[in-house]
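Enquirer: Before we start, here is the structure in question, set down as structure tokens.
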Number of protein chains: 2
Amino acid sequence: MPKRTTTLPLTLAPRPAGTGATRWLYDALRTEILEGRIRTGVRLPATRDLAAQYGLSRGTVVSAFDRLRAEGYVVQRTGSGTRVNTVLPQDLLRTPRTPARPAAERPPARHLTGFVSRVALFRGYEPRSIHAFRDNQPALDLFPITVWARVAARRLRRVGPALLVGTEPLGYPPLQQAVADYLRTSRGVRCEPGQVAIVSGVQEALDLVARLVLDPGDRVCLEEPGYIGAARVFEAVGATIVPVPVDAEGITLGARPWRGARLAYVTPAHQFPLGLEMSLPRRLALLERARTAGTLIFEDDYDAEYRYAGRPVPALQGLDHHGVVLFSGTFSKVLFPSLRLGYLVVPPDLVDRVTAAKSVVSRHASLLDQAVLCDFIADGHFGRHLRRMREIYAERLGVLLREGRAQLEGLVEISDIEAGLQAVGWLANGMTGVAAQRAAAGRGVEVTPISRYARAPLAREGLHLGFAAVDANEIRRGVRELSVALS
Amino acid sequence: MPKRTTTLPLTLAPRPAGTGATRWLYDALRTEILEGRIRTGVRLPATRDLAAQYGLSRGTVVSAFDRLRAEGYVVQRTGSGTRVNTVLPQDLLRTPRTPARPAAERPPARHLTGFVSRVALFRGYEPRSIHAFRDNQPALDLFPITVWARVAARRLRRVGPALLVGTEPLGYPPLQQAVADYLRTSRGVRCEPGQVAIVSGVQEALDLVARLVLDPGDRVCLEEPGYIGAARVFEAVGATIVPVPVDAEGITLGARPWRGARLAYVTPAHQFPLGLEMSLPRRLALLERARTAGTLIFEDDYDAEYRYAGRPVPALQGLDHHGVVLFSGTFSKVLFPSLRLGYLVVPPDLVDRVTAAKSVVSRHASLLDQAVLCDFIADGHFGRHLRRMREIYAERLGVLLREGRAQLEGLVEISDIEAGLQAVGWLANGMTGVAAQRAAAGRGVEVTPISRYARAPLAREGLHLGFAAVDANEIRRGVRELSVALS
């Protein structure tokens, strides 16, 4: 055993406010030992010296040493004082370590799964400042957060232990009921409340469904161009993505891509990213194909809430007589994205399976959030907010169409749209979407190329022009600047 | 085309308050058509008759018919009136359907994955009334919900659009920081805030880790007896569960079960269900085994917060120099279970993988909940609540030990415990745990047999005796009744 003794003064980290002296000394010495600054076998300072150095009572130091001894960090022998234990494996203890990043410098070789090697970061909403024409983004500055806060405060004041305990995996029953009612009346969905799973959003719904029906190698039909978030989930579980072209009526039904497809992901209310609504005949034909081929349909009710002209065709789910449609939507666009609440409506025979899966992988969504949302709907705030935003967005869309068509002629043709938070501007000046995006960014305008959502080259290049998140003046500025950028 | 006309009066569902007349009529007729009560080819009543029958203007009826026509439900021909379209596929539309459970009677044959066939419902907290000796349950009636409500109200009043947008997949950075600080000072965990993933609880953490490292057939070591929720996750992903006996120092390290183990799940702070703390030598030996064998360790910091005697041995994670430990815990027991917030601390080289996985499968946990929790911690309420509950639980444990040891002699031997929300009572009267549970239930006492958490028969049968969720009087009643029940 080496005869070294730690040199006084031992430099220990200062004692944080509120930490007892014994606890602090114990922690500090343990840290020194574990980080190799006090080596194994080394003798610690005498208790009286340590007490004097740090202005502690000797009893405090003795207690800390006792604790270290009880836990095997040090040994005490009469005459030889207190030494750091050599019983602790040397290779674990003598490596100096920085508290900052203990294992960063030499991560071990890892066996990781196919899932984790396939899964790719999916960028979320970004809180950077918003300019025309950010797509996929509601006007969060107009969300009535004070109303939400009032509803939440009232609910929290009345909360009893029952709401603190937990709820069913699928969700808080009154919210399941409220969502079922809303979907029945507004979206033509047919369901009992018990079929409604409250999820954290469409991504969780996609992941649940993927785990329900997709084995690695299974084929999944996706709209082309289409929603990247869905592709990310299906890729992660190892499915084979089959891009299926979209025409003016919706996803096309040519036999080849559909052969053996286990699942199809569609956005019938408002195709992402092209903004078209799936026609009724196409809906019926799609259901028929799904039924005969044993394909399950994931209906993402994307942007269905905001419709500015005509009435929506009812959800595919409401036309489905054979339990082939899983219907999903989110409150991210209607309320706010950081809430993380949405829904997945499942056929009755799959309710137990989804319940079991949710009970194991996430238990249930935040119950107080669910209860507050439920009150927000029941008190009429939800409907009121939706109607108000529909009017505001319709005005903003009007500005974009008027100004855009007047000033962007020959540069961008803005398509007619009836719903959603963005229009499509087809590039008429020979630029690629990416080039147009770059040019626009140079003038403080955000546009997203449609090609971002496509796997194959597009027949025609275009841009997403979001009109919901910014006001009329910013839309006007955006149009002017875009006109300069693309000229 | 059949010559039938729908009989008047058509019985339509009454108009809900707040629904426009045209919308209502359109919906009601569409429902009748879709549910087969008005068959395809059938002629609808004349607009003037329908207007008269329901007290509507004729223009309203015409508008509803126009909408039905535009969507392909009906056709209009001069002289032949308005008929339900036969272009709609007969097989989809003529099947009568109940709105209640559209597909319940004949669910289609489904191809489901191994995951969903293996996943089994994992029961959560139950909001039924609580008696002695419910285990695994904190005293939710003592949670300072009014303080939480005040903190939440203040945060919501100040919330800006940035908090409505969203946050990083791993979590709200100030909460990551607060959790990292807490774990460093209280649990001996070594981490940077960026290594802390905010999850909905230990179940989500387990699921993320399972998807990170477990392929079907991979071997996972679990403590025996042990936590069912972990087994459920690993079974669902198709792993092979290897039960590893626990002794007084913790999980045992005999070579055989550990051979080729990809992952081990352990509860070192307070073994579930036996309540023992893993010794320091065992911790070091476990880390060494994990390092040499390439086994990853999932450290569930189960019930570490409530410790009534001595000081806790620091977390395994804090002793780990080789990035083999993933550390997880939950706020369910310290705050309340329905909150759904917990944490997973990952080695630095896995941060990007976990971020990607979370971004795709759930985006991030509810941001307002995260922000409120962050304030609750920063304002000192968290620490205060923890200290207060630690005192209360220590008193309750004292009552259980005093009364139980006095009155249950020869029936139940209550073991010493230093931490957690329940003690173990070893059955000394020859009864099985299940028989004791039944007898106790007959006298209004809840006990959980340890055998519930075991895969193999136990050498000794025992009961979980929860002491945290009920007050001293109820504990006294429980002891008296249990004494009668087991005699």
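How things are named: the first chain in the structure tokens is A, the next is B, and so on; residues count from 1 in each chain; ligands count from 1 in the order shown.
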List the spatial neighbours of Trp24 in chain B as a list in words - criterion: any atom at most 10 Å away, only C-alpha atoms, same-chain residues fewer than 4 positions off excluded.
Expert: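 Answer for this query is Thr185 of chain A; Leu12, Ala13, Pro14, Arg15, Pro16, Gly18, Thr19, Gly20, Ala28, Leu29, Arg30 and Ala64 of chain B.
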Enquirer: What lies within 9 Å of Leu274 in chain A using only C-alpha atoms, ignoring chain neighbours under 3 positions off, as a list in words?
Expert: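 Once the adjacent positions are removed, what remains is Pro225, Gly226, Val246, His270, Gln271, Ala423, Val424, Ile450 and His464 of chain A.
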Enquirer: Can I get the selection written as a PDB file, in the first residue's frame, with N, CA and C atoms?
Expert:
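Dumped to again-v2.pdb:
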```
ATOM      1  N   PRO A 225     -46.233  13.580 -54.421  1.00  0.00           N
ATOM      2  CA  PRO A 225     -45.496  13.932 -53.207  1.00  0.00           C
ATOM      3  C   PRO A 225     -46.365  13.747 -51.963  1.00  0.00           C
ATOM      4  N   GLY A 226     -45.727  13.699 -50.795  1.00  0.00           N
ATOM      5  CA  GLY A 226     -46.487  13.407 -49.583  1.00  0.00           C
ATOM      6  C   GLY A 226     -45.791  13.853 -48.312  1.00  0.00           C
ATOM      7  N   VAL A 246     -50.199  11.069 -57.221  1.00  0.00           N
ATOM      8  CA  VAL A 246     -51.459  11.725 -56.896  1.00  0.00           C
ATOM      9  C   VAL A 246     -51.942  12.454 -58.142  1.00  0.00           C
ATOM     10  N   HIS A 270     -57.264  17.108 -47.574  1.00  0.00           N
ATOM     11  CA  HIS A 270     -56.454  18.219 -48.070  1.00  0.00           C
ATOM     12  C   HIS A 270     -55.082  17.610 -48.316  1.00  0.00           C
ATOM     13  N   GLN A 271     -54.890  17.144 -49.530  1.00  0.00           N
ATOM     14  CA  GLN A 271     -53.672  16.384 -49.785  1.00  0.00           C
ATOM     15  C   GLN A 271     -52.430  17.194 -49.437  1.00  0.00           C
ATOM     16  N   ALA A 423     -51.172  27.746 -49.825  1.00  0.00           N
ATOM     17  CA  ALA A 423     -51.500  27.550 -51.231  1.00  0.00           C
ATOM     18  C   ALA A 423     -50.258  27.001 -51.925  1.00  0.00           C
ATOM     19  N   VAL A 424     -50.449  26.506 -53.131  1.00  0.00           N
ATOM     20  CA  VAL A 424     -49.310  26.066 -53.926  1.00  0.00           C
ATOM     21  C   VAL A 424     -49.094  27.087 -55.032  1.00  0.00           C
ATOM     22  N   ILE A 450     -42.067  22.381 -53.156  1.00  0.00           N
ATOM     23  CA  ILE A 450     -42.853  21.138 -53.141  1.00  0.00           C
ATOM     24  C   ILE A 450     -41.923  19.931 -53.283  1.00  0.00           C
ATOM     25  N   HIS A 464     -44.696  25.906 -51.620  1.00  0.00           N
ATOM     26  CA  HIS A 464     -45.724  26.077 -50.607  1.00  0.00           C
ATOM     27  C   HIS A 464     -45.711  27.532 -50.169  1.00  0.00           C
TER      28      HIS A 464
END
```
Enquirer: So, counting only C-alpha atoms, which residue among B:Arg219, B:Arg184, B:Arg256, B:Arg157 is closest to chain A?
Expert: B:Arg157
Enquirer: As an MDAnalysis selection string, please: all residues of range 15-167 of chain B that backbone DSSP puts in strand (DSSP E or B).
Expert: chainID B and resid 43 74:77 81:84 133
Enquirer: Under the rule that only C-alpha atoms are counted, which of A:Val159, A:Ile130, A:Ile417, A:Ile198 is the nearest residue to chain B?
Expert: A:Val159
Enquirer: Which of these residues is nearest to Gly194 in chain B, using only C-alpha atoms: B:Leu156, B:Pro347, B:Gly217, B:Thr167?
Expert: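 Once distances to Gly194 in chain B are computed over only C-alpha atoms, the minimum belongs to B:Pro347.
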Enquirer: Got a sec: who's within 8 Å of Val313 in chain A, counting only C-alpha atoms, leaving out chain neighbours fewer than 3 positions off, as a PyMOL selection string?
Expert: (chain A and resi 269+279-280) or (chain B and resi 71)
Enquirer: Residues near range 106-116 of chain A, anyone? I mean within 7 Å using only C-alpha atoms, not counting same-chain ones fewer than 6 positions away, as a compact mmCIF listing (two decimals) with N, CA and C atoms, in the first residue's frame.
Expert:
```
# COMPACT_ATOMS: atom_id res chain seq x y z
N ALA A 236 -38.62 3.75 -40.33
CA ALA A 236 -37.99 3.33 -39.08
C ALA A 236 -38.36 1.89 -38.72
N VAL A 237 -39.60 1.48 -38.99
CA VAL A 237 -39.97 0.10 -38.66
C VAL A 237 -39.55 -0.87 -39.77
N GLY A 238 -38.87 -0.36 -40.79
CA GLY A 238 -38.31 -1.26 -41.79
C GLY A 238 -39.25 -1.60 -42.93
N ARG B 211 -36.33 -0.35 -28.26
CA ARG B 211 -36.25 -0.17 -29.71
C ARG B 211 -34.84 0.20 -30.16
N LEU B 212 -34.07 0.72 -29.23
CA LEU B 212 -32.70 1.11 -29.53
C LEU B 212 -31.79 -0.11 -29.63
N VAL B 213 -31.99 -1.07 -28.72
CA VAL B 213 -30.98 -2.13 -28.63
C VAL B 213 -31.50 -3.55 -28.78
N LEU B 214 -32.81 -3.77 -28.76
CA LEU B 214 -33.30 -5.16 -28.74
C LEU B 214 -33.89 -5.59 -30.07
N ASP B 215 -33.31 -6.61 -30.66
CA ASP B 215 -33.93 -7.27 -31.79
C ASP B 215 -34.68 -8.48 -31.26
N HIS B 322 -18.02 3.83 -18.59
CA HIS B 322 -17.92 3.26 -19.93
C HIS B 322 -19.20 3.39 -20.74
N GLY B 323 -20.09 4.24 -20.28
CA GLY B 323 -21.30 4.48 -21.07
C GLY B 323 -22.18 3.26 -21.22
N ASP B 349 -22.92 9.33 -26.54
CA ASP B 349 -22.90 8.86 -27.93
C ASP B 349 -24.27 8.37 -28.40
N ARG B 353 -29.23 9.43 -31.36
CA ARG B 353 -30.15 8.34 -31.73
C ARG B 353 -31.50 8.48 -31.02
N ALA B 357 -35.20 9.15 -32.62
CA ALA B 357 -36.33 8.26 -32.35
C ALA B 357 -37.50 9.04 -31.77
```
Enquirer: Determine which residues of range 324-387 of chain B DSSP labels as helix (DSSP H, G or I) from the backbone of this structure, then write them out as a short mmCIF file (atom, residue, chain, number, x, y, z; two decimals) with N, CA and C atoms, in the first residue's frame.
Expert:
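After the write, result17.cif holds the following:
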```
data_model
loop_
_atom_site.label_atom_id
_atom_site.label_comp_id
_atom_site.auth_asym_id
_atom_site.auth_seq_id
_atom_site.Cartn_x
_atom_site.Cartn_y
_atom_site.Cartn_z
N PRO B 337 -49.05 10.59 -10.66
CA PRO B 337 -48.87 9.71 -11.82
C PRO B 337 -49.48 10.24 -13.11
N SER B 338 -50.61 10.96 -13.03
CA SER B 338 -51.28 11.34 -14.28
C SER B 338 -50.55 12.45 -15.01
N LEU B 339 -49.49 13.00 -14.40
CA LEU B 339 -48.69 14.04 -15.05
C LEU B 339 -47.97 13.52 -16.28
N PRO B 348 -23.56 10.00 -23.81
CA PRO B 348 -23.45 11.02 -24.85
C PRO B 348 -23.52 10.48 -26.28
N ASP B 349 -22.92 9.33 -26.54
CA ASP B 349 -22.90 8.86 -27.93
C ASP B 349 -24.27 8.37 -28.40
N LEU B 350 -25.23 8.22 -27.48
CA LEU B 350 -26.56 7.78 -27.91
C LEU B 350 -27.57 8.92 -27.97
N VAL B 351 -27.13 10.13 -27.60
CA VAL B 351 -28.07 11.25 -27.56
C VAL B 351 -28.73 11.48 -28.93
N ASP B 352 -27.95 11.48 -29.99
CA ASP B 352 -28.52 11.75 -31.31
C ASP B 352 -29.53 10.68 -31.73
N ARG B 353 -29.23 9.43 -31.36
CA ARG B 353 -30.15 8.34 -31.73
C ARG B 353 -31.50 8.48 -31.02
N VAL B 354 -31.41 8.77 -29.73
CA VAL B 354 -32.65 8.90 -28.96
C VAL B 354 -33.43 10.13 -29.43
N THR B 355 -32.71 11.19 -29.76
CA THR B 355 -33.37 12.39 -30.28
C THR B 355 -34.13 12.07 -31.57
N ALA B 356 -33.47 11.37 -32.47
CA ALA B 356 -34.12 11.02 -33.73
C ALA B 356 -35.36 10.16 -33.48
N ALA B 357 -35.20 9.15 -32.62
CA ALA B 357 -36.33 8.26 -32.35
C ALA B 357 -37.50 9.04 -31.77
N LYS B 358 -37.22 9.91 -30.81
CA LYS B 358 -38.30 10.66 -30.19
C LYS B 358 -38.94 11.63 -31.19
N SER B 359 -38.13 12.22 -32.04
CA SER B 359 -38.67 13.19 -32.99
C SER B 359 -39.68 12.53 -33.93
N VAL B 360 -39.47 11.26 -34.21
CA VAL B 360 -40.35 10.57 -35.15
C VAL B 360 -41.56 9.97 -34.45
N VAL B 361 -41.37 9.38 -33.27
CA VAL B 361 -42.48 8.64 -32.69
C VAL B 361 -43.36 9.44 -31.74
N LEU B 367 -45.36 20.56 -23.72
CA LEU B 367 -44.40 21.61 -23.36
C LEU B 367 -44.88 22.43 -22.16
N LEU B 368 -46.16 22.72 -22.09
CA LEU B 368 -46.63 23.51 -20.94
C LEU B 368 -46.45 22.72 -19.65
N ASP B 369 -46.75 21.42 -19.68
CA ASP B 369 -46.49 20.60 -18.49
C ASP B 369 -45.02 20.68 -18.10
N GLN B 370 -44.15 20.60 -19.09
CA GLN B 370 -42.71 20.66 -18.80
C GLN B 370 -42.35 22.00 -18.18
N ALA B 371 -42.93 23.07 -18.72
CA ALA B 371 -42.60 24.40 -18.22
C ALA B 371 -43.11 24.59 -16.80
N VAL B 372 -44.30 24.07 -16.52
CA VAL B 372 -44.86 24.20 -15.17
C VAL B 372 -44.01 23.40 -14.18
N LEU B 373 -43.65 22.19 -14.56
CA LEU B 373 -42.80 21.38 -13.67
C LEU B 373 -41.48 22.10 -13.41
N CYS B 374 -40.94 22.71 -14.45
CA CYS B 374 -39.68 23.42 -14.32
C CYS B 374 -39.81 24.54 -13.29
N ASP B 375 -40.88 25.31 -13.38
CA ASP B 375 -41.12 26.38 -12.40
C ASP B 375 -41.32 25.80 -11.00
N PHE B 376 -42.04 24.71 -10.92
CA PHE B 376 -42.33 24.08 -9.63
C PHE B 376 -41.03 23.67 -8.94
N ILE B 377 -40.09 23.17 -9.73
CA ILE B 377 -38.78 22.81 -9.18
C ILE B 377 -38.00 24.07 -8.82
N ALA B 378 -37.95 25.03 -9.76
CA ALA B 378 -37.13 26.23 -9.55
C ALA B 378 -37.61 27.03 -8.34
N HIS B 381 -40.71 24.30 -4.70
CA HIS B 381 -41.87 23.51 -4.25
C HIS B 381 -41.58 22.02 -4.31
N PHE B 382 -40.79 21.65 -5.31
CA PHE B 382 -40.48 20.23 -5.48
C PHE B 382 -39.73 19.69 -4.26
N GLY B 383 -38.65 20.39 -3.91
CA GLY B 383 -37.85 19.95 -2.77
C GLY B 383 -38.65 19.96 -1.47
N ARG B 384 -39.47 20.99 -1.33
CA ARG B 384 -40.28 21.12 -0.13
C ARG B 384 -41.28 19.96 -0.02
N HIS B 385 -41.93 19.66 -1.11
CA HIS B 385 -42.91 18.57 -1.12
C HIS B 385 -42.23 17.24 -0.79
N LEU B 386 -41.07 17.04 -1.41
CA LEU B 386 -40.32 15.81 -1.19
C LEU B 386 -39.96 15.66 0.29
N ARG B 387 -39.45 16.72 0.90
CA ARG B 387 -39.06 16.64 2.31
C ARG B 387 -40.28 16.38 3.19
#
```
Enquirer: Between B:Ala472, B:Ala293, B:Ser483, B:Tyr393, single out the one closest to Val412 in chain B, counting only C-alpha atoms.
Expert: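 Of all the options, B:Ser483 lies closest to Val412 in chain B.
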Enquirer: By how many Å are CA of Gly318 in chain B and CA of Pro281 in chain B apart?
Expert: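 Interatomic distance, CA of Gly318 in chain B to CA of Pro281 in chain B: 14.1 Å.
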Enquirer: Excluding Met278 in chain A and any residue of its chain fewer than 3 positions from it, enumerate the residues within 8 Å of it, using only C-alpha atoms, and give them as a VMD selection string.
Expert: chain A and resid 248 to 251 268 to 271 282 to 283
Enquirer: Using only C-alpha atoms, which of A:Leu140, A:Gly310, A:Gly41, A:Arg340 sits nearest Ala70 in chain B?
Expert: A:Gly310
